[in-house]
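For reference, structure.txt is printed below; it contains compact mmCIF, C-alpha atoms.
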# COMPACT_ATOMS: atom_id res chain seq x y z
CA MET W 1 8.54 -43.52 -3.73
CA LYS W 2 7.90 -43.24 -7.46
CA ASN W 3 5.11 -40.79 -6.74
CA VAL W 4 7.38 -38.53 -4.71
CA PHE W 5 9.99 -38.48 -7.48
CA PHE W 6 7.26 -37.74 -9.97
CA ALA W 7 5.91 -34.86 -7.83
CA LEU W 8 9.37 -33.34 -7.39
CA ALA W 9 10.15 -33.66 -11.09
CA PHE W 10 6.80 -32.07 -11.92
CA ILE W 11 7.47 -29.12 -9.58
CA LEU W 12 10.98 -28.62 -10.95
CA VAL W 13 9.82 -28.69 -14.58
CA GLY W 14 6.92 -26.38 -13.71
CA THR W 15 9.19 -23.98 -11.85
CA PHE W 16 11.49 -23.57 -14.84
CA ALA W 17 8.76 -23.59 -17.44
CA PHE W 18 6.71 -20.88 -15.75
CA ALA W 19 9.47 -19.13 -13.86
CA ASN W 20 9.20 -15.39 -13.47
CA THR W 21 12.39 -14.36 -15.23
CA ASN W 22 12.33 -11.11 -13.25
CA GLU W 23 12.24 -9.06 -16.41
CA VAL W 24 11.46 -5.43 -15.94
CA GLU W 25 7.76 -4.92 -16.44
CA THR W 26 5.94 -1.72 -17.13
CA VAL W 27 3.05 -0.86 -14.88
CA ASN W 28 2.57 2.66 -16.05
CA GLU W 29 3.66 4.83 -18.88
CA ASN W 30 6.67 6.43 -17.21
CA VAL W 31 8.23 4.17 -14.63
CA THR W 32 9.42 0.62 -14.88
CA VAL W 33 8.82 -1.64 -11.92
CA GLU W 34 9.77 -5.11 -10.85
CA ASN W 35 8.30 -7.50 -8.36
CA VAL W 36 8.82 -6.57 -4.74
CA ASP W 37 10.00 -8.96 -2.07
CA PHE W 38 11.65 -7.47 0.99
CA SER W 39 11.93 -10.77 2.80
CA GLN W 40 15.65 -10.99 2.05
CA SER W 41 16.55 -7.35 2.57
CA GLU W 42 19.30 -6.59 5.03
CA GLU W 43 19.10 -4.00 7.71
CA VAL W 44 22.07 -2.06 8.99
CA VAL W 45 21.86 -0.55 12.44
CA ALA W 46 23.09 3.01 12.87
CA VAL W 47 24.37 4.68 16.03
CA ASP W 48 23.82 8.22 17.33
CA GLY W 49 24.39 10.64 14.53
CA SER W 50 23.04 12.98 11.91
CA ILE W 51 22.94 13.44 8.16
CA GLU W 52 22.55 16.43 5.91
CA VAL W 53 19.55 15.89 3.70
CA THR W 54 18.49 17.61 0.51
CA LEU W 55 14.96 16.56 -0.32
CA SER W 56 13.93 15.88 -3.91
CA CYS W 57 12.50 19.40 -4.19
CA GLY W 58 15.70 21.09 -2.97
CA ILE W 59 14.75 21.74 0.68
CA SER W 60 17.79 21.06 2.88
CA GLY W 61 18.13 20.29 6.57
CA THR W 62 19.72 18.07 9.18
CA LEU W 63 18.15 14.86 10.39
CA SER W 64 19.64 13.72 13.69
CA TRP W 65 18.88 10.81 15.96
CA THR W 66 19.73 9.28 19.27
CA GLY W 67 19.95 5.57 19.96
CA ASN W 68 20.47 3.09 17.18
CA PRO W 69 17.74 3.30 14.58
CA SER W 70 18.11 1.00 11.59
CA THR W 71 19.14 2.40 8.23
CA PHE W 72 15.66 1.51 7.06
CA GLU W 73 14.15 3.80 9.72
CA ILE W 74 16.49 6.67 8.84
CA VAL W 75 15.51 6.37 5.17
CA ASP W 76 11.83 6.15 6.18
CA ALA W 77 12.22 9.37 8.18
CA VAL W 78 13.70 11.21 5.17
CA MET W 79 11.01 9.80 2.85
CA TYR W 80 8.34 11.06 5.26
CA PHE W 81 9.53 14.67 4.98
CA ASP W 82 10.07 14.35 1.24
CA ASP W 83 6.52 13.15 0.65
CA LEU W 84 5.08 15.78 2.93
CA LEU W 85 7.01 18.85 1.80
CA CYS W 86 7.90 18.27 -1.84
CA MET H 1 12.90 -45.39 3.48
CA GLN H 2 15.18 -42.66 4.80
CA THR H 3 15.51 -41.19 1.28
CA GLU H 4 11.75 -41.17 0.91
CA LYS H 5 11.45 -39.23 4.17
CA TYR H 6 13.89 -36.59 2.92
CA LEU H 7 12.05 -36.31 -0.37
CA TYR H 8 8.75 -35.79 1.41
CA THR H 9 10.37 -33.07 3.53
CA ILE H 10 11.72 -31.32 0.42
CA LEU H 11 8.30 -31.59 -1.20
CA LEU H 12 6.64 -30.06 1.87
CA ILE H 13 9.14 -27.17 1.96
CA ILE H 14 8.59 -26.41 -1.73
CA VAL H 15 4.81 -26.41 -1.27
CA LEU H 16 5.07 -24.12 1.78
CA VAL H 17 7.34 -21.66 -0.08
CA GLU H 18 4.92 -21.60 -3.01
CA LEU H 19 2.00 -20.95 -0.68
CA GLN H 20 3.80 -18.10 1.08
CA ALA H 21 4.48 -16.09 -2.09
CA GLN H 22 2.14 -13.12 -2.31
CA ASN H 23 1.10 -13.41 -5.91
CA TYR H 24 -1.54 -11.28 -7.49
CA ASP H 25 -3.15 -11.86 -10.86
CA TYR H 26 -4.58 -8.43 -11.63
CA VAL H 27 -3.25 -4.89 -11.38
CA ILE H 28 -6.21 -2.50 -11.23
CA GLU H 29 -5.54 1.24 -11.19
CA TYR H 30 -7.74 3.91 -9.63
CA ASP H 31 -7.41 7.64 -9.28
CA TYR H 32 -8.13 8.77 -5.75
CA GLN H 33 -9.20 12.39 -5.66
CA HIS H 34 -9.68 13.89 -2.24
CA GLN H 35 -10.17 17.23 -0.57
CA THR H 36 -7.38 17.48 2.01
CA ASP H 37 -8.77 20.46 3.93
CA SER H 38 -12.37 20.06 5.05
CA ILE H 39 -13.17 23.76 4.61
CA ASP H 40 -11.10 24.55 1.51
CA LYS H 41 -12.84 23.19 -1.58
CA ASN H 42 -9.76 23.94 -3.68
CA SER H 43 -7.48 21.70 -1.65
CA ILE H 44 -7.84 18.82 -4.06
CA GLU H 45 -5.12 16.21 -4.48
CA THR H 46 -5.18 13.21 -6.78
CA GLU H 47 -3.06 10.12 -6.38
CA ARG H 48 -2.88 7.00 -8.51
CA MET H 49 -3.69 3.89 -6.50
CA LEU H 50 -3.25 0.19 -7.23
CA LEU H 51 -5.55 -2.67 -6.37
CA LEU H 52 -3.47 -5.84 -6.60
CA TYR H 53 -5.95 -8.67 -6.78
CA SER H 54 -6.05 -12.44 -6.60
CA ASN H 55 -9.00 -14.61 -5.69
CA LYS H 56 -7.47 -15.13 -2.23
CA LYS H 57 -6.57 -11.59 -1.26
CA SER H 58 -6.11 -8.05 -2.48
CA HIS H 59 -3.84 -5.14 -1.60
CA PHE H 60 -4.84 -1.53 -2.14
CA LEU H 61 -2.04 1.04 -1.98
CA SER H 62 -0.51 4.08 -3.60
CA LYS H 63 1.19 3.38 -6.89
CA SER H 64 4.09 5.64 -5.91
CA LYS H 65 4.59 3.58 -2.74
CA PHE H 66 4.65 0.42 -4.84
CA GLN H 67 7.16 1.95 -7.23
CA LEU H 68 9.40 3.24 -4.46
CA ASP H 69 9.33 -0.19 -2.82
CA THR H 70 10.39 -1.66 -6.14
CA VAL H 71 13.41 0.60 -6.31
CA ARG H 72 14.18 0.10 -2.63
CA ASN H 73 14.00 -3.63 -3.14
CA LYS H 74 16.61 -3.31 -5.85
CA TYR H 75 18.95 -0.65 -4.47
CA GLY H 76 18.46 -1.06 -0.72
CA ASN H 77 18.60 2.08 1.40
CA ASP H 78 20.76 4.18 -0.91
CA LEU H 79 19.25 7.55 0.03
CA GLN H 80 20.61 9.49 -2.96
CA LYS H 81 19.28 6.97 -5.46
CA LEU H 82 15.92 6.83 -3.71
CA LEU H 83 15.54 10.61 -3.60
CA ALA H 84 16.61 10.86 -7.25
CA PHE H 85 13.98 8.28 -8.15
CA LYS H 86 11.34 10.02 -6.04
CA SER H 87 11.82 13.20 -8.02
CA THR H 88 10.64 11.29 -11.12
CA ILE H 89 7.37 9.94 -9.70
CA PRO H 90 4.32 11.58 -8.10
CA LYS H 91 4.50 12.11 -4.33
CA ASN H 92 3.13 9.43 -2.07
CA ARG H 93 0.80 11.41 0.18
CA VAL H 94 -1.82 8.70 0.60
CA LYS H 95 -0.32 6.68 3.40
CA PHE H 96 -3.04 4.11 3.98
CA GLU H 97 -3.12 0.60 2.58
CA VAL H 98 -5.83 -2.02 2.81
CA ILE H 99 -5.15 -5.74 2.63
CA LYS H 100 -8.29 -7.83 2.25
CA ASN H 101 -8.38 -11.56 2.78
CA PHE H 102 -11.22 -13.28 1.03
CA ASP H 103 -10.88 -16.39 3.12
CA ASP H 104 -13.46 -15.94 5.88
CA SER H 105 -11.14 -17.38 8.48
CA LEU H 106 -8.65 -14.58 7.98
CA THR H 107 -8.84 -10.94 8.86
CA SER H 108 -8.52 -7.90 6.63
CA SER H 109 -6.14 -5.14 7.66
CA TYR H 110 -5.84 -1.40 7.36
CA TYR H 111 -2.30 -0.04 7.49
CA GLU H 112 -1.27 3.57 7.81
CA ASN H 113 2.33 4.70 7.63
CA ILE H 114 3.03 7.66 9.92
CA PHE H 115 6.70 8.69 10.06
CA ILE H 116 8.65 5.49 10.81
CA HIS H 117 5.73 3.48 12.18
CA ASN H 118 3.11 1.37 10.48
CA TYR H 119 -0.17 1.45 12.36
CA LYS H 120 -2.31 -1.60 11.79
CA ASN H 121 -6.01 -2.02 12.37
CA ASN H 122 -7.58 -5.42 11.77
CA TYR H 123 -11.20 -5.39 10.81
CA HIS H 124 -13.68 -8.19 10.34
CA LYS H 125 -16.97 -6.61 9.53
CA ALA H 126 -17.93 -6.56 5.86
CA LEU H 127 -19.65 -3.40 4.65
CA GLU H 128 -23.40 -3.51 4.28
CA TYR H 129 -24.68 -2.34 0.92
CA GLU H 130 -28.03 -1.16 -0.27
CA LEU H 131 -28.47 -2.22 -3.91
CA VAL H 132 -30.19 0.53 -5.89
CA ASP H 133 -32.12 -0.03 -9.10
CA LYS H 134 -30.08 2.40 -11.22
CA ASP H 135 -27.74 1.72 -14.13
CA THR H 136 -25.05 3.53 -16.04
CA ILE H 137 -22.15 2.75 -18.36
CA LEU H 138 -18.61 3.47 -17.16
CA LEU H 139 -15.56 2.79 -19.33
CA GLY H 140 -17.80 0.68 -21.56
CA TYR H 141 -19.04 -1.54 -18.72
CA ASN H 142 -22.65 -1.77 -17.60
CA CYS H 143 -22.71 -0.68 -13.98
CA LYS H 144 -25.21 -0.84 -11.16
CA MET H 145 -25.53 1.46 -8.18
CA ALA H 146 -25.10 0.63 -4.52
CA LYS H 147 -25.03 2.75 -1.37
CA ALA H 148 -22.98 2.24 1.77
CA ASN H 149 -22.00 4.03 4.95
CA LEU H 150 -18.45 3.98 6.25
CA SER H 151 -17.13 5.84 9.27
CA GLY H 152 -19.26 8.95 9.05
CA ARG H 153 -19.55 9.23 5.28
CA LYS H 154 -22.31 8.12 2.92
CA TYR H 155 -21.02 6.60 -0.30
CA THR H 156 -22.43 5.92 -3.73
CA LEU H 157 -20.79 3.04 -5.56
CA TRP H 158 -20.95 1.94 -9.17
CA TYR H 159 -20.01 -1.69 -9.75
CA SER H 160 -20.06 -3.88 -12.82
CA PRO H 161 -21.41 -7.45 -12.64
CA GLU H 162 -19.68 -7.90 -16.02
CA ILE H 163 -16.29 -8.03 -14.24
CA SER H 164 -16.18 -11.03 -11.94
CA ILE H 165 -13.93 -9.43 -9.32
CA ASN H 166 -15.93 -8.86 -6.15
CA ASP H 167 -13.64 -6.17 -4.88
CA GLY H 168 -12.93 -2.48 -5.18
CA PRO H 169 -10.84 0.38 -3.85
CA TYR H 170 -10.15 0.96 -0.15
CA LYS H 171 -12.43 -1.17 2.07
CA PHE H 172 -15.16 -1.38 -0.56
CA SER H 173 -15.52 -5.06 -1.31
CA GLY H 174 -18.14 -7.77 -1.52
CA LEU H 175 -20.42 -6.44 -4.22
CA PRO H 176 -21.25 -8.82 -7.10
CA GLY H 177 -18.71 -7.27 -9.49
CA LEU H 178 -15.79 -4.86 -9.59
CA VAL H 179 -16.35 -1.40 -8.13
CA LEU H 180 -15.54 1.14 -10.85
CA GLU H 181 -16.41 4.33 -9.01
CA VAL H 182 -17.03 5.42 -5.41
CA TYR H 183 -17.75 8.85 -4.02
CA ASP H 184 -19.10 10.25 -0.79
CA ASP H 185 -22.13 12.52 -0.76
CA LYS H 186 -19.95 15.65 -0.37
CA ARG H 187 -17.66 14.42 -3.16
CA GLN H 188 -14.62 14.95 -0.97
CA HIS H 189 -13.30 11.42 -1.52
CA ILE H 190 -13.64 9.93 -4.99
CA PHE H 191 -12.17 6.71 -6.41
CA GLU H 192 -12.36 6.20 -10.17
CA LEU H 193 -11.19 3.20 -12.13
CA VAL H 194 -8.50 3.97 -14.69
CA LYS H 195 -7.48 0.58 -16.06
CA ILE H 196 -7.35 -3.15 -15.45
CA GLU H 197 -4.37 -5.30 -16.37
CA ILE H 198 -4.15 -9.06 -16.14
CA LYS H 199 -0.63 -9.46 -14.88
CA GLU H 200 1.15 -11.52 -12.25
CA VAL H 201 2.74 -9.33 -9.61
CA ILE H 202 4.55 -10.27 -6.42
CA TYR H 203 4.26 -7.69 -3.68
CA ASN H 204 5.65 -8.85 -0.40
CA PRO H 205 6.40 -5.78 1.71
CA ASN H 206 8.10 -6.19 5.04
CA TYR H 207 6.29 -3.78 7.32
CA ARG H 208 8.57 -2.58 10.06
CA ASN H 209 7.59 -1.05 13.39
CA ILE H 210 4.01 -2.29 13.30
CA ILE H 211 1.77 -0.91 16.02
CA ASN H 212 -1.66 -2.48 16.39
CA ALA H 213 -4.20 0.26 17.04
CA SER H 214 -7.85 1.17 16.75
CA MET H 215 -8.91 3.64 14.06
CA LYS H 216 -9.48 6.16 16.86
CA GLU H 217 -5.91 5.76 18.08
CA ILE H 218 -4.54 6.06 14.54
CA ALA H 219 -6.52 9.28 14.05
CA LYS H 220 -5.00 10.66 17.24
CA VAL H 221 -1.44 9.81 16.14
CA ARG H 222 -2.13 11.32 12.70
CA LYS H 223 -3.19 14.56 14.36
CA ASN H 224 -0.13 14.74 16.63
CA GLN H 225 2.55 13.77 14.13
CA ILE H 226 5.09 16.46 15.02
CA GLU H 227 4.96 15.54 18.71
CA ASN H 228 5.39 11.88 17.80
CA ILE H 229 8.43 12.67 15.67
CA LYS H 230 10.01 14.52 18.57
CA ASN H 231 9.36 11.55 20.86
CA SER H 232 10.72 9.00 18.40
CA GLY H 233 14.41 9.74 18.91
CA PHE H 234 14.63 11.66 15.63
CA ASN H 235 15.05 15.37 15.25
CA MET H 236 14.79 17.52 12.14
CA SER H 237 15.94 21.09 11.48
CA PRO H 238 13.42 23.48 13.09
CA GLU H 239 12.58 25.22 9.79
CA ILE H 240 11.66 21.89 8.19
CA LEU H 241 9.62 20.85 11.21
CA GLU H 242 7.77 24.17 11.04
CA LYS H 243 7.00 23.65 7.34
CA ALA H 244 5.82 20.12 8.11
CA LYS H 245 3.56 21.39 10.90
CA LYS H 246 1.99 23.97 8.60
CA LYS H 247 1.46 21.42 5.85
CA LEU H 248 -0.06 18.90 8.23
CA SER H 249 -2.59 21.45 9.47
CA SER H 250 -4.10 21.49 5.97
CA TYR H 251 -4.51 17.70 6.01
CA ASN H 252 -7.54 17.58 8.25
CA ASN H 253 -10.10 15.71 6.20
CA PRO H 254 -9.35 11.97 6.45
CA ILE H 255 -11.44 9.42 4.63
CA GLU H 256 -12.72 7.99 7.91
CA LEU H 257 -14.30 10.48 10.28
CA THR H 258 -13.36 8.86 13.54
CA ASP H 259 -13.89 10.70 16.80
CA GLU H 260 -10.70 10.89 18.81
Can you turn what I pasted into structure tokens?
Amino acid sequence: MKNVFFALAFILVGTFAFANTNEVETVNENVTVENVDFSQSEEVVAVDGSIEVTLSCGISGTLSWTGNPSTFEIVDAVMYFDDLLC
Amino acid sequence: MQTEKYLYTILLIIVLVELQAQNYDYVIEYDYQHQTDSIDKNSIETERMLLLYSNKKSHFLSKSKFQLDTVRNKYGNDLQKLLAFKSTIPKNRVKFEVIKNFDDSLTSSYYENIFIHNYKNNYHKALEYELVDKDTILLGYNCKMAKANLSGRKYTLWYSPEISINDGPYKFSGLPGLVLEVYDDKRQHIFELVKIEIKEVIYNPNYRNIINASMKEIAKVRKNQIENIKNSGFNMSPEILEKAKKKLSSYNNPIELTDE
């Protein structure tokens, strides 16, 4: 019993002492990045529809879909064209 | 007794959560220079890549992908914010990622993102190297030469036994030291070390729409991307699709020469 308390106390102290405070870290010269963990990210499901898109290089168009793709998939689709064409 | 049982359960949960976290201890940057069109020697693109490394596993991916995931993790799927951010970083054209497990009982994986799908190919076989009695100095490190064949290309590798990381870019791993430079004999695909940082990083991407496939199948999908988009339930303005088709036709020189 004592040992279990000791182990838990040790983990708790360790967690706080060495906790990643989630400060913004710099990986390269221009862009700040933080740690990535998508395990908690929410996903919204869309229904049939379309959006007007202006890619980061100014190219515009309409992305439409049938069915109910997730918001994540719609964003992925836009990112695909942005990476390819810009 | 009951309390003790609960405490043991809590202890077990904490240990499991700790084990699940994808922590890396090193961030190693490479430049990946590649000729996108097999017959046009001027079609050179360079992308900064990251090798996230721990002694248990490593993850090799585009730095821009990592950075976009960071922003997406923070802001969710806010398209305007994401596109605004993308205009500030280099384009992510290198869509493959390699996750290597150094525990023999686990499998290493190749991922390739094509449109909204992530194609996954598990591979077991370690590369076979021929150690060559040649030395050089790269970035101040004494390096030794090795040769290897991978999917239709012959590679020269320079690794440094002075850096005790037995890993390298892409699938190149298992030499006695970090791989600093790799190039194929036609110099169409070149990886060069830029810098090494000792830094703890958590990268825990949630791959969606994973399709397990052979490298042959992935090559086939890569070649027929426009048709796959049309079959996916998405549609894009014809003028954009036409531009995409034209652009894709100049991306015909993948790192792995796999017969379809």
Which value, in Å to one decimal, gives the distance between CA of Arg187 (chain H) and CA of Ser38 (chain H)?
-> 11.3 Å
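For the choices H:Phe234, H:Phe102, H:Tyr251, H:Tyr30, the atom-to-atom distance to Phe60 (chain H) is smallest for H:Tyr30 when using all atoms listed in the file.
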Distance-based interface of chain H with chain W, 7 Å, counting only C-alpha atoms, as a PyMOL selection string | chain H and resi 4+7-8+11+67+69-70+73+77+79+83-84+86-87+91-93+115-116+201-206+233-237+240+244
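The shell of residues at most 6 Å from Val98 (chain H), with all atoms listed in the file counted and near chain neighbours (fewer than 6 positions) removed, consists of His59, Phe60, Ser109 and Tyr110 of chain H.
Across the model, the gap from CA of Asp31 (chain H) to CA of Ile190 (chain H) is 7.9 Å.
Nearest residue to His34 (chain H) among H:Lys245, H:Lys216, H:Lys125, H:His189 is H:His189, counting only C-alpha atoms.
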